[in-house]
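Asker: Let me begin by handing over the structure; questions about it come next.
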Amino acid sequence: MMSSRIWLVVAAALALALFLPPFLTPGLDDWCTRLSTLLLVAISWNMMANAGLISLGHAGFWGLGAYTAALFANATHMPFWLSFAPGMLIGALFGVALAYLTGRLRGLFFAISTLAMSEALRVIALMVPKLTGGAEGLFVVDEIRPDRTTLTRFALCLSVGAIAASYLLTKSRYQFALRAMRDSESTVQMLGVNPRLYRAGVTALSGALASCAGVISAWYTGYLDPHAAFDLKITITSQIAPLFGGLYTVAGPVLGSIAILTISELTRLHFGYSAGVGLLAYGIILVFGVLVMPSGIVGLAKRWRMKMGRLGAAATSRA
Amino acid sequence: MTSLIIQIAVDAFLLGGVYTLMAIGLSLAFGVTRIINFAHGEVVMFGAYAAFFGFALLGVDPLISLPAVAVLGGLGGYLLFKSSLDRILSDPGINMVLLTFGIGLILQNLAVVMWTGDERSTTPSYAFASWFLTDDVVIAQGRLIAFGLAVVFVLGLLAWLRWSELGRATRAVSQNRAAASLMGINVHAIYALSFALSSAFGAATGAIMSFLLPITPFMGFPILIKAFAIIILGGMDSIAGTVIGAFFLAFVETAIAYLVPSGIGWAEGVAFFMLVLMLLVRPNGILGRAGREA
């Protein structure tokens with residue numbers, strides 16, 4: 001019954017994602033697309049974190065997806081939706097490569113190697129101008145770009161799919177292995193789970209999701225350059241959203257993404273486009289999140305519900 | 001050709017000194033506390049700004065203001081540790097990463113808001129002067145000064161660790177936290193001390209960078225990445241390893257910048273490629289003592 005209800009929710013969300021975009025104002029439309037990309041990277045980051053893998057290299061997946069899709073589309077003039085296939089595939093392959101390269105590296109060392117790999121990709125994008133256009137950037141051929149509404153529909157549907165995928169993952173038996181890997185990979189190995197295989201699986205899935213966000217952004221802006229595509233800001237937002245919403249949960253990245261985007265809009269309304277203020281707000285959220293509410297919005301909600309539950313129980317004197 | 005080789009060697013050696021400065025503070029704090037301070041680059045940046053304002057407003061040479069900048073940096077590091085990290089020492093490692101990352105983000109963007117993203121630099125006479133060793137081998141004076149200070153810092157730190165009572169306690173904590181604690185060493189105080197020292201080194205490095213690099217709010221992050229690469233190349237946990245890693249990176253980068261076509265652009269990425277390569281062939285660093293599960 002549980003599973004049939006979840007399919008109903010997914011179907012309703014998809015219907016909404018398809019139905020809503022034509023009625024959105026340009027501002028809201030922009031917000032929805034940015035929300036979808038943020039949701040994708042946030043869910044992807046949370047998925048890795050859930051298995052004990054702290055990524056500081058999500059900008060790498062993003063840029064890789066964006067460049068792959070744009071280059072493929074420019075070369076073959078394929079329809080835009082088809083370009084998600086090579087983009088996500090390369091992202092997944094890079095995820096597997098990452099898992100293989102980092103072997104048993106954990107925690108900090110894993111984090112630093114992801115950071116290095118994403119920076120290495122940026123340097124490559126900058127230094128191979130024949131392929132990527134180098135610092136001058138790369139334009140996506142204009143006639144194959146989808147219109148706003150189509151892209152927003154597509155982006156929203158993809159993010160609904162990502163949420164559903166992360167939910168299904170937590171309900172599957174793999175979740176137990178991944179969560180145990182967070183505490184100790186060697187113990188997990190002793191229990192008969194191959195941590196390498198699981199690590200490769202989770203980095204592949206997570207890489208595909210994050211590259212998917214990159215592909216959306218490539219179609220959305222129609223232009224790529226190494227600094228924007230491999231921007232550290234992508235990595236930062238992809239980790240703030242799950243942290244703020246609630247690490248290791250399904251609802252966390254979703255609530256966190258919505259909250260973060262709302263906050264960034266508010267700071268923009270209040271301070272205009274003055275440099276640094278937006279990132280300053282992100283930094284404060286990050287520090288505040290770790291120090292004061294390490295279990296995020298979801299944790300707060302849970303605590304609040306438990307308190308309510310206790311009160312309710314006391315009132316009916318069933319306790 | 002020989003003069004080119006000599007020039008590469010000279011440049012690499014001087015760059016190695018600069019890289020040692022960038023990494024030594026981070027390495028000390030990491031070796032003792034096992035926390036990588038992602039805000040270390042921003043500490044360097046604040047040190048550079050302090051030296052800049054000393055130079056621009058008061059006319060103080062960055063080398064004269066260096067001790068004061070270092071003391072301020074140390075105080076800042078101590079306060080930072082006490083107010084944030086000390087409270088979550090028992091949390092899982094992910095929180096340390098996110099917290100110091102967030103602190104770095106705050107410091108960087110405070111600098112953007114306060115001082116804008118414009119490039120600045122201090123301009124003492126030695127910043128632009130150089131000596132000619134032969135007709136075509138040049139030694140930049142600023143870098144030579146940085147190299148000399150790197151030597152002084154490293155020797156000072158090693159001597160302190162080896163012979164002072166606090167230094168011995170610091171080494172003890174770095175080797176075995178629990179045993180050190182049983183011997184009556186206040187582990188938290190040693191953590192705070194090593195963080196303060198690390199930040200003092202960072203700020204002093206900033207004062208030196210003020211006449212070597214353009215000063216911007218964003219200068220910290222590339223420095224941090226270089227420092228990471230160096231620490232991993234060197235094997236993570238020893239000052240000697242850090243120095244070796246710094247010179248190794250400097251030699252490879254300089255050789256590529258001189259010998260490969262459009263090598264200056266590639267040299268920027270050498271640190272990352274070497275990091276990845278290192279993880280593949282020798283994940284425990286050149287000296288090979290790093291823990292795999294940390």
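To be explicit about the labels: the chains of the structure tokens are called A, B, and onward in the order shown, and within each one the residues are counted from 1, while ligands get numbers from 1 in the order they are shown.
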With a distance cut-off of 12 Å and only C-alpha atoms, select the neighbouring residues of B:Ile64, excluding the residue or stretch itself and same-chain residues fewer than 5 positions from it, and output the selection as a list in words.
Answerer: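 Those residues are Ala51, Phe52, Gly54, Phe55, Leu58, Gly59, Val69, Ala70, Pro124, Ala204, Ala207 and Ile208 of chain B.
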Asker: Grab the residues selected above and save them as a tab-separated table (two decimals), in the first residue's frame with N, CA and C atoms.
Answerer:
chain	number	residue	atom	x	y	z
B	51	ALA	N	48.88	43.27	6.10
B	51	ALA	CA	50.16	43.83	5.68
B	51	ALA	C	49.95	44.96	4.69
B	52	PHE	N	48.95	44.79	3.80
B	52	PHE	CA	48.69	45.83	2.81
B	52	PHE	C	48.27	47.14	3.48
B	54	GLY	N	48.81	48.04	6.53
B	54	GLY	CA	49.96	48.57	7.25
B	54	GLY	C	50.86	49.36	6.32
B	55	PHE	N	51.02	48.83	5.11
B	55	PHE	CA	51.92	49.46	4.15
B	55	PHE	C	51.28	50.72	3.56
B	58	LEU	N	49.99	53.19	6.94
B	58	LEU	CA	50.99	53.60	7.92
B	58	LEU	C	52.40	53.63	7.34
B	59	GLY	N	52.55	53.13	6.13
B	59	GLY	CA	53.87	53.12	5.52
B	59	GLY	C	54.83	52.13	6.16
B	69	VAL	N	51.43	40.98	12.42
B	69	VAL	CA	50.40	40.28	11.65
B	69	VAL	C	50.29	38.83	12.12
B	70	ALA	N	51.44	38.21	12.37
B	70	ALA	CA	51.43	36.82	12.82
B	70	ALA	C	50.74	36.70	14.17
B	124	PRO	N	57.07	47.35	-1.70
B	124	PRO	CA	58.39	47.71	-1.20
B	124	PRO	C	59.41	47.55	-2.32
B	204	ALA	N	51.32	35.16	8.68
B	204	ALA	CA	52.68	35.59	8.31
B	204	ALA	C	52.91	35.30	6.83
B	207	ALA	N	51.42	38.02	4.88
B	207	ALA	CA	52.23	39.23	4.84
B	207	ALA	C	53.32	39.09	3.78
B	208	ILE	N	53.88	37.88	3.65
B	208	ILE	CA	54.93	37.67	2.65
B	208	ILE	C	54.33	37.68	1.24
Asker: Pick out each residue of stretch 38-269 of chain A that DSSP on the backbone tags as helix (DSSP H, G or I); I need them as a ChimeraX atom specification.
Answerer: /A:38-50,58-76,80-102,107-127,129-132,134-136,142-144,148-171,174-183,185-190,195-221,226-229,232-245,251-269
Asker: Give me, as a PyMOL selection string, the residues of chain A touching chain B, with the criterion being at most 9 Å (counting only C-alpha atoms).
Answerer: chain A and resi 49+52-54+101-109+111-113+115-124+126-127+236+239-240+243+274-291+294
Asker: Residues near B:Ser199, anyone? I mean within 6 Å using only C-alpha atoms, not counting same-chain ones fewer than 4 positions away, as a PyMOL selection string.
Answerer: chain B and resi 73-74+77
Asker: With C-alpha atoms kept, could you save the residues just selected as a PDB file, in the first residue's frame?
Answerer:
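Written file, selection-v4.pdb:
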ATOM      1  CA  GLY B  73      46.591  35.830  13.065  1.00  0.00           C
ATOM      2  CA  GLY B  74      47.398  33.568  15.991  1.00  0.00           C
ATOM      3  CA  GLY B  77      42.958  31.373  14.982  1.00  0.00           C
TER       4      GLY B  77
END
Asker: Name all residues at most 6 Å from B:Phe195 (count only C-alpha atoms; drop same-chain ones fewer than 2 positions away) and give them as a list in words.
Answerer: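 In the requested form, the answer reads Ala29, Gly77, Ala192, Leu193, Leu197 and Ser198 of chain B.
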Asker: Let me see the file: selected residues, N, CA and C atoms, as a CSV table (one decimal), in the first residue's frame.
Answerer:
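And here is the file that came out, part.csv:
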chain,number,residue,atom,x,y,z
B,29,ALA,N,48.5,22.1,11.8
B,29,ALA,CA,47.2,22.0,12.4
B,29,ALA,C,46.6,20.6,12.1
B,77,GLY,N,43.1,32.8,15.1
B,77,GLY,CA,43.0,31.4,15.0
B,77,GLY,C,42.5,30.8,16.3
B,192,ALA,N,44.0,23.9,20.6
B,192,ALA,CA,43.8,25.3,20.4
B,192,ALA,C,45.2,26.0,20.1
B,193,LEU,N,46.2,25.5,20.8
B,193,LEU,CA,47.5,26.1,20.6
B,193,LEU,C,48.0,25.9,19.2
B,197,LEU,N,48.9,28.6,16.4
B,197,LEU,CA,50.2,28.6,15.7
B,197,LEU,C,50.0,28.5,14.2
B,198,SER,N,49.1,27.6,13.8
B,198,SER,CA,48.9,27.4,12.4
B,198,SER,C,48.4,28.7,11.7
Asker: Using only C-alpha atoms, can you tell me which of A:Thr267, A:Ser186, A:Ser211, A:Thr203 comes closest to A:Leu64?
Answerer: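 Of the candidates, the smallest distance to A:Leu64 is held by A:Ser211.
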Asker: Give me the residues within 8 Å of B:Val137 as an mmCIF file with N, CA and C atoms, in the first residue's frame, counting only C-alpha atoms and dropping any in the same chain fewer than 6 places off.
Answerer:
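Dumped everything to around.cif:
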data_model
loop_
_atom_site.group_PDB
_atom_site.id
_atom_site.type_symbol
_atom_site.label_atom_id
_atom_site.label_comp_id
_atom_site.auth_asym_id
_atom_site.auth_seq_id
_atom_site.Cartn_x
_atom_site.Cartn_y
_atom_site.Cartn_z
ATOM 1 N N SER B 3 72.015 27.584 -19.092
ATOM 2 C CA SER B 3 71.473 28.680 -18.285
ATOM 3 C C SER B 3 69.973 28.499 -18.078
ATOM 4 N N LEU B 4 69.302 27.870 -19.066
ATOM 5 C CA LEU B 4 67.867 27.591 -18.887
ATOM 6 C C LEU B 4 67.671 26.617 -17.726
ATOM 7 N N ILE B 6 69.706 26.071 -15.255
ATOM 8 C CA ILE B 6 70.008 26.738 -13.989
ATOM 9 C C ILE B 6 68.840 27.633 -13.574
ATOM 10 N N GLN B 7 68.268 28.332 -14.577
ATOM 11 C CA GLN B 7 67.139 29.217 -14.270
ATOM 12 C C GLN B 7 65.956 28.411 -13.726
#
Asker: One decimal, in Å: what's the spacing between atom CA of A:Leu56 and atom CA of A:Thr187?
Answerer: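 Here the two named atoms are 25.3 Å from each other.
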Asker: Would you mind telling me which residue in A:Ala70, A:Ala177, A:Ile144, A:Ala165 lies nearest to A:Pro86 when using only C-alpha atoms?
Answerer: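 Distance minimum relative to A:Pro86 lands on A:Ala70.
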Asker: Between A:Ile216, A:Ile163, A:Ile297, A:Leu98, single out the one closest to A:Leu82, counting only C-alpha atoms.
Answerer: A:Ile216
Asker: From the options B:Ile264, B:Ala56, B:Asp118, B:Ser65, which residue's atoms come nearest to B:Val252, counting only C-alpha atoms?
Answerer: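 Once distances to B:Val252 are computed over only C-alpha atoms, the minimum belongs to B:Ile264.
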